[in-house]
$ cat upload_11.pdb   # PDB, C-alpha atoms and all ligand atoms
ATOM      1  CA  MET A   1      -9.026 -23.939  18.323  1.00  0.00           C
ATOM      2  CA  ALA A   2      -5.985 -22.061  19.542  1.00  0.00           C
ATOM      3  CA  VAL A   3      -2.707 -23.930  19.837  1.00  0.00           C
ATOM      4  CA  THR A   4      -2.028 -25.403  23.293  1.00  0.00           C
ATOM      5  CA  LYS A   5       0.789 -24.201  25.481  1.00  0.00           C
ATOM      6  CA  SER A   6       2.478 -27.611  25.552  1.00  0.00           C
ATOM      7  CA  ARG A   7       2.440 -27.685  21.772  1.00  0.00           C
ATOM      8  CA  MET A   8       4.023 -24.237  21.719  1.00  0.00           C
ATOM      9  CA  GLU A   9       6.666 -25.396  24.193  1.00  0.00           C
ATOM     10  CA  GLU A  10       7.544 -28.280  21.870  1.00  0.00           C
ATOM     11  CA  ASN A  11       7.714 -25.915  18.933  1.00  0.00           C
ATOM     12  CA  LEU A  12       9.925 -23.493  20.824  1.00  0.00           C
ATOM     13  CA  ALA A  13      12.263 -26.306  21.920  1.00  0.00           C
ATOM     14  CA  ARG A  14      12.612 -27.401  18.300  1.00  0.00           C
ATOM     15  CA  ILE A  15      13.185 -23.854  17.022  1.00  0.00           C
ATOM     16  CA  SER A  16      15.668 -23.110  19.772  1.00  0.00           C
ATOM     17  CA  GLY A  17      17.506 -26.351  18.995  1.00  0.00           C
ATOM     18  CA  SER A  18      17.800 -25.449  15.308  1.00  0.00           C
ATOM     19  CA  ILE A  19      19.071 -22.001  16.207  1.00  0.00           C
ATOM     20  CA  ALA A  20      21.630 -23.521  18.589  1.00  0.00           C
ATOM     21  CA  ALA A  21      22.784 -25.943  15.866  1.00  0.00           C
ATOM     22  CA  ALA A  22      23.170 -23.123  13.334  1.00  0.00           C
ATOM     23  CA  CYS A  23      25.163 -21.098  15.892  1.00  0.00           C
ATOM     24  CA  GLU A  24      27.376 -24.076  16.662  1.00  0.00           C
ATOM     25  CA  LEU A  25      28.070 -24.595  12.962  1.00  0.00           C
ATOM     26  CA  ARG A  26      29.341 -21.028  12.643  1.00  0.00           C
ATOM     27  CA  GLY A  27      31.037 -20.683  16.024  1.00  0.00           C
ATOM     28  CA  ARG A  28      28.426 -18.206  17.223  1.00  0.00           C
ATOM     29  CA  ARG A  29      26.870 -17.934  20.678  1.00  0.00           C
ATOM     30  CA  ARG A  30      23.220 -18.915  21.042  1.00  0.00           C
ATOM     31  CA  GLY A  31      22.763 -15.923  23.312  1.00  0.00           C
ATOM     32  CA  ASP A  32      23.509 -13.592  20.412  1.00  0.00           C
ATOM     33  CA  VAL A  33      20.292 -14.557  18.631  1.00  0.00           C
ATOM     34  CA  THR A  34      16.939 -13.192  19.809  1.00  0.00           C
ATOM     35  CA  ILE A  35      13.609 -14.672  18.781  1.00  0.00           C
ATOM     36  CA  VAL A  36      10.930 -12.090  18.076  1.00  0.00           C
ATOM     37  CA  ALA A  37       7.637 -13.978  18.353  1.00  0.00           C
ATOM     38  CA  VAL A  38       5.344 -12.574  15.684  1.00  0.00           C
ATOM     39  CA  THR A  39       1.839 -12.352  17.138  1.00  0.00           C
ATOM     40  CA  LYS A  40      -0.155 -10.945  14.214  1.00  0.00           C
ATOM     41  CA  ALA A  41      -2.224 -14.122  13.795  1.00  0.00           C
ATOM     42  CA  VAL A  42      -2.836 -15.144  17.410  1.00  0.00           C
ATOM     43  CA  GLY A  43      -5.002 -14.054  20.335  1.00  0.00           C
ATOM     44  CA  THR A  44      -4.196 -12.563  23.707  1.00  0.00           C
ATOM     45  CA  ASP A  45      -4.215 -15.926  25.524  1.00  0.00           C
ATOM     46  CA  THR A  46      -1.539 -17.231  23.205  1.00  0.00           C
ATOM     47  CA  ILE A  47       0.518 -14.086  23.748  1.00  0.00           C
ATOM     48  CA  GLU A  48       0.338 -14.619  27.495  1.00  0.00           C
ATOM     49  CA  ASN A  49       1.604 -18.163  26.989  1.00  0.00           C
ATOM     50  CA  LEU A  50       4.537 -16.831  24.972  1.00  0.00           C
ATOM     51  CA  LEU A  51       5.424 -14.495  27.828  1.00  0.00           C
ATOM     52  CA  ASP A  52       5.152 -17.359  30.324  1.00  0.00           C
ATOM     53  CA  MET A  53       7.527 -19.362  28.159  1.00  0.00           C
ATOM     54  CA  GLY A  54      10.079 -16.590  28.423  1.00  0.00           C
ATOM     55  CA  LEU A  55       9.582 -15.056  24.989  1.00  0.00           C
ATOM     56  CA  THR A  56       9.415 -11.369  25.786  1.00  0.00           C
ATOM     57  CA  ASP A  57      10.251  -9.912  22.370  1.00  0.00           C
ATOM     58  CA  LEU A  58       7.019  -9.709  20.383  1.00  0.00           C
ATOM     59  CA  GLY A  59       6.427  -8.433  16.847  1.00  0.00           C
ATOM     60  CA  GLU A  60       3.442  -6.969  15.021  1.00  0.00           C
ATOM     61  CA  ASN A  61       3.297  -5.789  11.431  1.00  0.00           C
ATOM     62  CA  ARG A  62       0.285  -3.476  11.662  1.00  0.00           C
ATOM     63  CA  VAL A  63       0.148  -0.277  13.642  1.00  0.00           C
ATOM     64  CA  GLN A  64      -3.406  -0.587  14.980  1.00  0.00           C
ATOM     65  CA  GLN A  65      -2.842  -4.092  16.240  1.00  0.00           C
ATOM     66  CA  LEU A  66       0.546  -3.219  17.727  1.00  0.00           C
ATOM     67  CA  ILE A  67      -0.984  -0.396  19.734  1.00  0.00           C
ATOM     68  CA  GLY A  68      -4.044  -2.386  20.767  1.00  0.00           C
ATOM     69  CA  ARG A  69      -1.974  -5.301  21.925  1.00  0.00           C
ATOM     70  CA  ALA A  70       0.628  -3.279  23.746  1.00  0.00           C
ATOM     71  CA  ASP A  71      -2.265  -1.777  25.651  1.00  0.00           C
ATOM     72  CA  GLU A  72      -4.105  -5.051  26.369  1.00  0.00           C
ATOM     73  CA  ILE A  73      -1.047  -6.962  27.448  1.00  0.00           C
ATOM     74  CA  SER A  74       0.340  -4.293  29.755  1.00  0.00           C
ATOM     75  CA  GLY A  75      -2.967  -4.425  31.598  1.00  0.00           C
ATOM     76  CA  ALA A  76      -2.947  -8.204  31.843  1.00  0.00           C
ATOM     77  CA  GLY A  77      -0.319  -8.531  34.562  1.00  0.00           C
ATOM     78  CA  ALA A  78       2.013 -10.766  32.553  1.00  0.00           C
ATOM     79  CA  ALA A  79       5.745 -10.067  32.099  1.00  0.00           C
ATOM     80  CA  THR A  80       6.286  -6.809  30.235  1.00  0.00           C
ATOM     81  CA  PRO A  81       6.964  -7.511  26.570  1.00  0.00           C
ATOM     82  CA  ARG A  82       9.320  -5.615  24.290  1.00  0.00           C
ATOM     83  CA  TRP A  83       7.348  -4.736  21.174  1.00  0.00           C
ATOM     84  CA  HIS A  84       8.888  -4.711  17.704  1.00  0.00           C
ATOM     85  CA  MET A  85       7.233  -2.961  14.779  1.00  0.00           C
ATOM     86  CA  ILE A  86       8.139  -5.208  11.853  1.00  0.00           C
ATOM     87  CA  GLY A  87       5.738  -4.105   9.096  1.00  0.00           C
ATOM     88  CA  HIS A  88       5.524  -1.199   6.692  1.00  0.00           C
ATOM     89  CA  LEU A  89       5.002   2.082   8.520  1.00  0.00           C
ATOM     90  CA  GLN A  90       3.271   5.207   7.247  1.00  0.00           C
ATOM     91  CA  ARG A  91       4.482   8.564   8.458  1.00  0.00           C
ATOM     92  CA  ASN A  92       1.136   9.645   9.889  1.00  0.00           C
ATOM     93  CA  LYS A  93       1.211   6.714  12.306  1.00  0.00           C
ATOM     94  CA  VAL A  94       4.726   7.171  13.591  1.00  0.00           C
ATOM     95  CA  ASN A  95       3.924   8.943  16.842  1.00  0.00           C
ATOM     96  CA  ALA A  96       1.869   6.107  18.282  1.00  0.00           C
ATOM     97  CA  VAL A  97       4.457   3.529  17.242  1.00  0.00           C
ATOM     98  CA  VAL A  98       7.316   5.454  18.837  1.00  0.00           C
ATOM     99  CA  GLU A  99       5.307   5.427  22.059  1.00  0.00           C
ATOM    100  CA  VAL A 100       4.995   1.653  22.316  1.00  0.00           C
ATOM    101  CA  ALA A 101       7.691   0.014  20.181  1.00  0.00           C
ATOM    102  CA  GLN A 102      11.119  -0.817  21.560  1.00  0.00           C
ATOM    103  CA  MET A 103      12.450  -1.228  18.045  1.00  0.00           C
ATOM    104  CA  ILE A 104      11.199  -0.317  14.563  1.00  0.00           C
ATOM    105  CA  HIS A 105      12.491  -2.754  11.930  1.00  0.00           C
ATOM    106  CA  SER A 106      10.980  -1.148   8.869  1.00  0.00           C
ATOM    107  CA  VAL A 107      12.633   2.218   8.240  1.00  0.00           C
ATOM    108  CA  ASP A 108      12.992   2.481   4.480  1.00  0.00           C
ATOM    109  CA  SER A 109      13.026   6.161   3.579  1.00  0.00           C
ATOM    110  CA  LEU A 110      14.606   9.411   4.658  1.00  0.00           C
ATOM    111  CA  ARG A 111      11.213  11.008   5.297  1.00  0.00           C
ATOM    112  CA  LEU A 112      10.147   8.177   7.570  1.00  0.00           C
ATOM    113  CA  ALA A 113      13.440   8.363   9.474  1.00  0.00           C
ATOM    114  CA  GLU A 114      13.007  12.123   9.887  1.00  0.00           C
ATOM    115  CA  GLU A 115       9.468  11.693  11.160  1.00  0.00           C
ATOM    116  CA  ILE A 116      10.556   9.108  13.740  1.00  0.00           C
ATOM    117  CA  ASN A 117      13.365  11.435  14.843  1.00  0.00           C
ATOM    118  CA  VAL A 118      10.977  14.374  15.311  1.00  0.00           C
ATOM    119  CA  ARG A 119       8.390  12.290  17.179  1.00  0.00           C
ATOM    120  CA  ALA A 120      10.985  10.643  19.404  1.00  0.00           C
ATOM    121  CA  GLU A 121      12.362  14.078  20.258  1.00  0.00           C
ATOM    122  CA  GLY A 122       8.850  15.203  21.154  1.00  0.00           C
ATOM    123  CA  GLN A 123       8.528  12.230  23.484  1.00  0.00           C
ATOM    124  CA  GLY A 124      11.955  12.836  24.979  1.00  0.00           C
ATOM    125  CA  LYS A 125      13.392   9.519  23.860  1.00  0.00           C
ATOM    126  CA  VAL A 126      15.803   7.891  21.464  1.00  0.00           C
ATOM    127  CA  CYS A 127      14.249   5.270  19.180  1.00  0.00           C
ATOM    128  CA  ASP A 128      16.120   2.101  18.133  1.00  0.00           C
ATOM    129  CA  VAL A 129      15.599   1.439  14.439  1.00  0.00           C
ATOM    130  CA  LEU A 130      16.706  -0.923  11.717  1.00  0.00           C
ATOM    131  CA  LEU A 131      17.119   0.093   8.105  1.00  0.00           C
ATOM    132  CA  GLN A 132      15.025  -2.226   5.924  1.00  0.00           C
ATOM    133  CA  VAL A 133      16.847  -3.255   2.783  1.00  0.00           C
ATOM    134  CA  ASN A 134      15.357  -4.880  -0.281  1.00  0.00           C
ATOM    135  CA  CYS A 135      17.933  -7.527  -1.143  1.00  0.00           C
ATOM    136  CA  SER A 136      15.655  -9.776  -3.130  1.00  0.00           C
ATOM    137  CA  ARG A 137      14.804  -7.256  -5.846  1.00  0.00           C
ATOM    138  CA  GLU A 138      11.122  -8.084  -5.690  1.00  0.00           C
ATOM    139  CA  THR A 139       9.620  -4.760  -6.648  1.00  0.00           C
ATOM    140  CA  ARG A 140       6.527  -5.188  -4.512  1.00  0.00           C
ATOM    141  CA  LYS A 141       8.643  -5.475  -1.392  1.00  0.00           C
ATOM    142  CA  HIS A 142       9.401  -2.543   0.837  1.00  0.00           C
ATOM    143  CA  GLY A 143      12.943  -1.602   1.724  1.00  0.00           C
ATOM    144  CA  VAL A 144      15.642   0.586   0.244  1.00  0.00           C
ATOM    145  CA  ALA A 145      17.816  -0.636  -2.595  1.00  0.00           C
ATOM    146  CA  VAL A 146      21.154  -2.100  -1.529  1.00  0.00           C
ATOM    147  CA  GLY A 147      22.947   0.726  -3.346  1.00  0.00           C
ATOM    148  CA  ALA A 148      21.100   3.405  -1.356  1.00  0.00           C
ATOM    149  CA  ALA A 149      21.495   1.868   2.098  1.00  0.00           C
ATOM    150  CA  MET A 150      24.928   3.272   2.933  1.00  0.00           C
ATOM    151  CA  TYR A 151      23.901   6.850   2.217  1.00  0.00           C
ATOM    152  CA  LEU A 152      20.581   6.614   4.032  1.00  0.00           C
ATOM    153  CA  GLY A 153      22.333   4.968   6.973  1.00  0.00           C
ATOM    154  CA  GLU A 154      24.789   7.856   7.126  1.00  0.00           C
ATOM    155  CA  LEU A 155      21.976  10.395   7.156  1.00  0.00           C
ATOM    156  CA  MET A 156      20.119   8.480   9.853  1.00  0.00           C
ATOM    157  CA  CYS A 157      23.186   8.624  12.066  1.00  0.00           C
ATOM    158  CA  THR A 158      23.013  12.420  12.074  1.00  0.00           C
ATOM    159  CA  MET A 159      19.567  12.264  13.722  1.00  0.00           C
ATOM    160  CA  LYS A 160      19.901  12.620  17.468  1.00  0.00           C
ATOM    161  CA  HIS A 161      16.708  10.871  18.528  1.00  0.00           C
ATOM    162  CA  LEU A 162      17.185   7.868  16.335  1.00  0.00           C
ATOM    163  CA  ARG A 163      19.667   5.081  16.974  1.00  0.00           C
ATOM    164  CA  LEU A 164      20.517   2.969  13.949  1.00  0.00           C
ATOM    165  CA  VAL A 165      21.107  -0.468  15.447  1.00  0.00           C
ATOM    166  CA  GLY A 166      21.276  -2.580  12.300  1.00  0.00           C
ATOM    167  CA  LEU A 167      19.626  -3.834   9.121  1.00  0.00           C
ATOM    168  CA  MET A 168      16.504  -5.843   8.315  1.00  0.00           C
ATOM    169  CA  THR A 169      15.402  -7.723   5.219  1.00  0.00           C
ATOM    170  CA  MET A 170      12.591  -9.946   3.990  1.00  0.00           C
ATOM    171  CA  ALA A 171      13.613 -12.914   1.860  1.00  0.00           C
ATOM    172  CA  PRO A 172      11.377 -14.026  -0.985  1.00  0.00           C
ATOM    173  CA  LEU A 173       8.726 -16.478   0.197  1.00  0.00           C
ATOM    174  CA  VAL A 174       9.617 -19.858  -1.243  1.00  0.00           C
ATOM    175  CA  ASP A 175       9.471 -23.440  -0.027  1.00  0.00           C
ATOM    176  CA  ASP A 176      13.187 -24.083  -0.116  1.00  0.00           C
ATOM    177  CA  PRO A 177      15.014 -22.259   2.720  1.00  0.00           C
ATOM    178  CA  GLU A 178      18.250 -22.465   0.740  1.00  0.00           C
ATOM    179  CA  ALA A 179      16.714 -20.111  -1.801  1.00  0.00           C
ATOM    180  CA  ALA A 180      16.823 -17.388   0.858  1.00  0.00           C
ATOM    181  CA  ARG A 181      20.531 -17.770   1.568  1.00  0.00           C
ATOM    182  CA  PRO A 182      21.813 -15.344  -1.102  1.00  0.00           C
ATOM    183  CA  THR A 183      19.502 -12.648   0.286  1.00  0.00           C
ATOM    184  CA  PHE A 184      20.875 -13.139   3.805  1.00  0.00           C
ATOM    185  CA  VAL A 185      24.474 -13.208   2.583  1.00  0.00           C
ATOM    186  CA  GLN A 186      23.894  -9.973   0.729  1.00  0.00           C
ATOM    187  CA  LEU A 187      22.481  -8.261   3.824  1.00  0.00           C
ATOM    188  CA  ARG A 188      25.394  -9.437   5.941  1.00  0.00           C
ATOM    189  CA  GLU A 189      27.917  -8.193   3.397  1.00  0.00           C
ATOM    190  CA  LEU A 190      26.209  -4.808   3.292  1.00  0.00           C
ATOM    191  CA  PHE A 191      26.219  -4.758   7.095  1.00  0.00           C
ATOM    192  CA  GLU A 192      29.955  -5.466   7.174  1.00  0.00           C
ATOM    193  CA  GLU A 193      30.628  -2.735   4.619  1.00  0.00           C
ATOM    194  CA  MET A 194      28.639  -0.236   6.655  1.00  0.00           C
ATOM    195  CA  ARG A 195      30.409  -1.247   9.835  1.00  0.00           C
ATOM    196  CA  HIS A 196      33.697  -0.808   8.078  1.00  0.00           C
ATOM    197  CA  GLU A 197      32.616   2.767   7.317  1.00  0.00           C
ATOM    198  CA  LYS A 198      31.794   3.149  11.038  1.00  0.00           C
ATOM    199  CA  ILE A 199      28.133   3.822  10.344  1.00  0.00           C
ATOM    200  CA  GLY A 200      26.135   3.578  13.552  1.00  0.00           C
ATOM    201  CA  GLY A 201      29.210   2.949  15.680  1.00  0.00           C
ATOM    202  CA  GLU A 202      29.041   0.377  18.452  1.00  0.00           C
ATOM    203  CA  HIS A 203      25.232   0.293  18.398  1.00  0.00           C
ATOM    204  CA  PHE A 204      25.189  -0.979  14.832  1.00  0.00           C
ATOM    205  CA  ARG A 205      25.121  -4.714  15.544  1.00  0.00           C
ATOM    206  CA  HIS A 206      21.807  -6.273  14.502  1.00  0.00           C
ATOM    207  CA  LEU A 207      20.721  -8.256  11.485  1.00  0.00           C
ATOM    208  CA  SER A 208      16.967  -8.927  11.571  1.00  0.00           C
ATOM    209  CA  MET A 209      16.442 -11.688   9.038  1.00  0.00           C
ATOM    210  CA  GLY A 210      14.807 -15.104   8.871  1.00  0.00           C
ATOM    211  CA  MET A 211      11.215 -16.220   9.452  1.00  0.00           C
ATOM    212  CA  SER A 212       9.523 -19.586  10.133  1.00  0.00           C
ATOM    213  CA  GLN A 213      10.700 -21.093   6.854  1.00  0.00           C
ATOM    214  CA  ASP A 214      14.299 -20.026   6.811  1.00  0.00           C
ATOM    215  CA  TYR A 215      15.442 -18.867  10.259  1.00  0.00           C
ATOM    216  CA  ALA A 216      18.122 -21.561  10.543  1.00  0.00           C
ATOM    217  CA  VAL A 217      19.752 -20.453   7.293  1.00  0.00           C
ATOM    218  CA  ALA A 218      19.488 -16.833   8.449  1.00  0.00           C
ATOM    219  CA  VAL A 219      21.285 -17.637  11.718  1.00  0.00           C
ATOM    220  CA  GLU A 220      24.011 -19.449   9.769  1.00  0.00           C
ATOM    221  CA  GLU A 221      24.469 -16.233   7.811  1.00  0.00           C
ATOM    222  CA  GLY A 222      24.617 -13.976  10.852  1.00  0.00           C
ATOM    223  CA  ALA A 223      21.074 -13.099  11.951  1.00  0.00           C
ATOM    224  CA  THR A 224      20.919 -11.670  15.482  1.00  0.00           C
ATOM    225  CA  ILE A 225      17.120 -11.340  15.386  1.00  0.00           C
ATOM    226  CA  VAL A 226      14.782 -13.891  13.804  1.00  0.00           C
ATOM    227  CA  ARG A 227      11.092 -13.038  13.391  1.00  0.00           C
ATOM    228  CA  ILE A 228       9.035 -16.186  13.884  1.00  0.00           C
ATOM    229  CA  GLY A 229       5.275 -16.634  13.749  1.00  0.00           C
ATOM    230  CA  THR A 230       3.830 -19.757  12.136  1.00  0.00           C
ATOM    231  CA  ALA A 231       6.468 -22.199  13.408  1.00  0.00           C
ATOM    232  CA  LEU A 232       5.512 -21.386  17.002  1.00  0.00           C
ATOM    233  CA  TYR A 233       1.807 -22.076  16.521  1.00  0.00           C
ATOM    234  CA  GLU A 234       1.617 -25.020  14.122  1.00  0.00           C
TER     235      GLU A 234
HETATM  236  C1  LIG B   1       4.443 -12.302   9.544  1.00  0.00           C
HETATM  237  C2  LIG B   1       5.834 -11.811   9.518  1.00  0.00           C
HETATM  238  C3  LIG B   1       6.905 -12.613   9.979  1.00  0.00           C
HETATM  239  C4  LIG B   1       6.707 -14.040  10.486  1.00  0.00           C
HETATM  240  O1  LIG B   1       6.309 -14.880   9.461  1.00  0.00           O
HETATM  241  P1  LIG B   1       6.136 -16.460   9.715  1.00  0.00           P
HETATM  242  O2  LIG B   1       6.322 -17.045   8.368  1.00  0.00           O
HETATM  243  O3  LIG B   1       4.764 -16.639  10.246  1.00  0.00           O
HETATM  244  O4  LIG B   1       7.186 -16.862  10.665  1.00  0.00           O
HETATM  245  C5  LIG B   1       8.173 -12.075   9.960  1.00  0.00           C
HETATM  246  N1  LIG B   1       8.419 -10.825   9.508  1.00  0.00           N
HETATM  247  C6  LIG B   1       7.435 -10.026   9.064  1.00  0.00           C
HETATM  248  C7  LIG B   1       7.773  -8.652   8.580  1.00  0.00           C
HETATM  249  C8  LIG B   1       6.116 -10.484   9.053  1.00  0.00           C
HETATM  250  O5  LIG B   1       5.133  -9.691   8.595  1.00  0.00           O
END
$ encode --input "upload_11.pdb" --output "structure tokens"
Amino acid sequence: MAVTKSRMEENLARISGSIAAACELRGRRRGDVTIVAVTKAVGTDTIENLLDMGLTDLGENRVQQLIGRADEISGAGAATPRWHMIGHLQRNKVNAVVEVAQMIHSVDSLRLAEEINVRAEGQGKVCDVLLQVNCSRETRKHGVAVGAAMYLGELMCTMKHLRLVGLMTMAPLVDDPEAARPTFVQLRELFEEMRHEKIGGEHFRHLSMGMSQDYAVAVEEGATIVRIGTALYE
């Protein structure tokens, strides 16, 4: 059976409280952290409940489902969501994603960035993107190496229909949230270095890091976007 709305409200209150506590600890403002509710494992009814609860930033990791959902939900009369593409993206699927996604978190190659730029130009828009960095050195993970991020970021900033708004990473999946901290610290340090080099200018201000297991640690280390699925529906 799908999770009830009241259960989700409790979960959201708890998550929001942990985020607020992590912000407080670091002298950050709660309003600077956005929850992207990851909807890959739930149905349309649950998504409508999320929207009712005021969560309007939604994330999907697969192109087909992102497109299908963006279509279904816009026809359902609920508040209009902002869709985030958070999963690996193949170049041949870029056009459809640029049409529906407000932000693409998973740019990890020059060719993908170029394809998004060309497609966004064709659609007469500028696409907000994050550069995905592989900080955890797990070879199966997507993302550019830390050492390549600065250069790729610089190249992305020359593309007129792409707006580099920050960095994204995936921490290794482990039970202990503290184990993710070094990954988040590394992403923040890279972010600060890139900002120092003026990459992305004033738009370069997002760190998308932290999931159900470790979002509080991520916020302590500077996350502005946390991507949360499981913890909302348990
Ligand atoms: C599924 C997913 C999440 C959310 O994971 P949970 O552990 O369910 O919170 C976050 N980011 C990406 C890229 C995902 O694919």
$ resolve_selection --input "upload_11.pdb" --expression "the PyMOL selection byres (((chain A and resi 185) around 12) and not hetatm)" --output "number ranges by chain"
A: 135-136, 169, 171, 178-184, 186-192, 207, 209-210, 217-223
$ residues_around --input "upload_11.pdb" --residues "segment 12-23 of chain A" --least-positions-apart "2" --cutoff "8 Å" --atoms "all atoms listed in the file" --output "PyMOL selection string"
chain A and resi 8-10+25-30+33+215-217+219-220+231-232
$ write_last_selection --input "upload_11.pdb" --atoms "C-alpha atoms" --output "short mmCIF file (atom, residue, chain, number, x, y, z; two decimals), keeping the file's coordinate frame"
data_model
loop_
_atom_site.label_atom_id
_atom_site.label_comp_id
_atom_site.auth_asym_id
_atom_site.auth_seq_id
_atom_site.Cartn_x
_atom_site.Cartn_y
_atom_site.Cartn_z
CA MET A 8 4.02 -24.24 21.72
CA GLU A 9 6.67 -25.40 24.19
CA GLU A 10 7.54 -28.28 21.87
CA LEU A 25 28.07 -24.60 12.96
CA ARG A 26 29.34 -21.03 12.64
CA GLY A 27 31.04 -20.68 16.02
CA ARG A 28 28.43 -18.21 17.22
CA ARG A 29 26.87 -17.93 20.68
CA ARG A 30 23.22 -18.92 21.04
CA VAL A 33 20.29 -14.56 18.63
CA TYR A 215 15.44 -18.87 10.26
CA ALA A 216 18.12 -21.56 10.54
CA VAL A 217 19.75 -20.45 7.29
CA VAL A 219 21.28 -17.64 11.72
CA GLU A 220 24.01 -19.45 9.77
CA ALA A 231 6.47 -22.20 13.41
CA LEU A 232 5.51 -21.39 17.00
#
$ closest_residue --input "upload_11.pdb" --among "A:Arg82, A:Arg91, A:His203, A:Lys141" --to "Leu66 of chain A" --atoms "only C-alpha atoms"
A:Arg82
$ atom_distance --input "upload_11.pdb" --atom1 "atom CA of Thr56 of chain A" --atom2 "atom CA of Ala79 of chain A"
7.4 Å
$ closest_atom_pairs --input "upload_11.pdb" --of "chain A" --to "ligand LIG 1 (chain B)" --cutoff "12 Å" --atoms "all atoms listed in the file" --output "JSON lines"
{"residue": "A:Ile15", "atom": "CA", "partner": "B:LIG1", "partner_atom": "O4", "distance": 11.2}
{"residue": "A:Ile35", "atom": "CA", "partner": "B:LIG1", "partner_atom": "O4", "distance": 10.6}
{"residue": "A:Val36", "atom": "CA", "partner": "B:LIG1", "partner_atom": "C5", "distance": 8.6}
{"residue": "A:Ala37", "atom": "CA", "partner": "B:LIG1", "partner_atom": "C4", "distance": 7.9}
{"residue": "A:Val38", "atom": "CA", "partner": "B:LIG1", "partner_atom": "C4", "distance": 5.6}
{"residue": "A:Thr39", "atom": "CA", "partner": "B:LIG1", "partner_atom": "C1", "distance": 8.0}
{"residue": "A:Lys40", "atom": "CA", "partner": "B:LIG1", "partner_atom": "C1", "distance": 6.7}
{"residue": "A:Ala41", "atom": "CA", "partner": "B:LIG1", "partner_atom": "C1", "distance": 8.1}
{"residue": "A:Val42", "atom": "CA", "partner": "B:LIG1", "partner_atom": "O3", "distance": 10.6}
{"residue": "A:Leu58", "atom": "CA", "partner": "B:LIG1", "partner_atom": "C5", "distance": 10.8}
{"residue": "A:Gly59", "atom": "CA", "partner": "B:LIG1", "partner_atom": "N1", "distance": 8.0}
{"residue": "A:Glu60", "atom": "CA", "partner": "B:LIG1", "partner_atom": "O5", "distance": 7.2}
{"residue": "A:Asn61", "atom": "CA", "partner": "B:LIG1", "partner_atom": "O5", "distance": 5.2}
{"residue": "A:Arg62", "atom": "CA", "partner": "B:LIG1", "partner_atom": "O5", "distance": 8.5}
{"residue": "A:Val63", "atom": "CA", "partner": "B:LIG1", "partner_atom": "O5", "distance": 11.8}
{"residue": "A:His84", "atom": "CA", "partner": "B:LIG1", "partner_atom": "C7", "distance": 10.0}
{"residue": "A:Met85", "atom": "CA", "partner": "B:LIG1", "partner_atom": "C7", "distance": 8.4}
{"residue": "A:Ile86", "atom": "CA", "partner": "B:LIG1", "partner_atom": "C7", "distance": 4.8}
{"residue": "A:Gly87", "atom": "CA", "partner": "B:LIG1", "partner_atom": "C7", "distance": 5.0}
{"residue": "A:His88", "atom": "CA", "partner": "B:LIG1", "partner_atom": "C7", "distance": 8.0}
{"residue": "A:Leu89", "atom": "CA", "partner": "B:LIG1", "partner_atom": "C7", "distance": 11.1}
{"residue": "A:Ile104", "atom": "CA", "partner": "B:LIG1", "partner_atom": "C7", "distance": 10.8}
{"residue": "A:His105", "atom": "CA", "partner": "B:LIG1", "partner_atom": "C7", "distance": 8.3}
{"residue": "A:Ser106", "atom": "CA", "partner": "B:LIG1", "partner_atom": "C7", "distance": 8.2}
{"residue": "A:Val107", "atom": "CA", "partner": "B:LIG1", "partner_atom": "C7", "distance": 11.9}
{"residue": "A:Gln132", "atom": "CA", "partner": "B:LIG1", "partner_atom": "C7", "distance": 10.0}
{"residue": "A:Lys141", "atom": "CA", "partner": "B:LIG1", "partner_atom": "C7", "distance": 10.5}
{"residue": "A:His142", "atom": "CA", "partner": "B:LIG1", "partner_atom": "C7", "distance": 10.0}
{"residue": "A:Gly143", "atom": "CA", "partner": "B:LIG1", "partner_atom": "C7", "distance": 11.1}
{"residue": "A:Met168", "atom": "CA", "partner": "B:LIG1", "partner_atom": "C7", "distance": 9.2}
{"residue": "A:Thr169", "atom": "CA", "partner": "B:LIG1", "partner_atom": "C7", "distance": 8.4}
{"residue": "A:Met170", "atom": "CA", "partner": "B:LIG1", "partner_atom": "C7", "distance": 6.8}
{"residue": "A:Ala171", "atom": "CA", "partner": "B:LIG1", "partner_atom": "N1", "distance": 9.5}
{"residue": "A:Pro172", "atom": "CA", "partner": "B:LIG1", "partner_atom": "O2", "distance": 11.1}
{"residue": "A:Leu173", "atom": "CA", "partner": "B:LIG1", "partner_atom": "O2", "distance": 8.5}
{"residue": "A:Val174", "atom": "CA", "partner": "B:LIG1", "partner_atom": "O2", "distance": 10.5}
{"residue": "A:Asp175", "atom": "CA", "partner": "B:LIG1", "partner_atom": "O2", "distance": 11.0}
{"residue": "A:Pro177", "atom": "CA", "partner": "B:LIG1", "partner_atom": "O2", "distance": 11.6}
{"residue": "A:Ser208", "atom": "CA", "partner": "B:LIG1", "partner_atom": "N1", "distance": 9.0}
{"residue": "A:Met209", "atom": "CA", "partner": "B:LIG1", "partner_atom": "N1", "distance": 8.1}
{"residue": "A:Gly210", "atom": "CA", "partner": "B:LIG1", "partner_atom": "C5", "distance": 7.4}
{"residue": "A:Met211", "atom": "CA", "partner": "B:LIG1", "partner_atom": "O4", "distance": 4.3}
{"residue": "A:Ser212", "atom": "CA", "partner": "B:LIG1", "partner_atom": "O4", "distance": 3.6}
{"residue": "A:Gln213", "atom": "CA", "partner": "B:LIG1", "partner_atom": "O2", "distance": 6.2}
{"residue": "A:Asp214", "atom": "CA", "partner": "B:LIG1", "partner_atom": "O2", "distance": 8.7}
{"residue": "A:Tyr215", "atom": "CA", "partner": "B:LIG1", "partner_atom": "O4", "distance": 8.5}
{"residue": "A:Ala216", "atom": "CA", "partner": "B:LIG1", "partner_atom": "O4", "distance": 11.9}
{"residue": "A:Ile225", "atom": "CA", "partner": "B:LIG1", "partner_atom": "C5", "distance": 10.5}
{"residue": "A:Val226", "atom": "CA", "partner": "B:LIG1", "partner_atom": "C5", "distance": 7.9}
{"residue": "A:Arg227", "atom": "CA", "partner": "B:LIG1", "partner_atom": "C5", "distance": 4.6}
{"residue": "A:Ile228", "atom": "CA", "partner": "B:LIG1", "partner_atom": "O4", "distance": 3.8}
{"residue": "A:Gly229", "atom": "CA", "partner": "B:LIG1", "partner_atom": "O3", "distance": 3.5}
{"residue": "A:Thr230", "atom": "CA", "partner": "B:LIG1", "partner_atom": "O3", "distance": 3.8}
{"residue": "A:Ala231", "atom": "CA", "partner": "B:LIG1", "partner_atom": "O4", "distance": 6.0}
{"residue": "A:Leu232", "atom": "CA", "partner": "B:LIG1", "partner_atom": "O4", "distance": 8.0}
{"residue": "A:Tyr233", "atom": "CA", "partner": "B:LIG1", "partner_atom": "O3", "distance": 8.8}
{"residue": "A:Glu234", "atom": "CA", "partner": "B:LIG1", "partner_atom": "O3", "distance": 9.8}
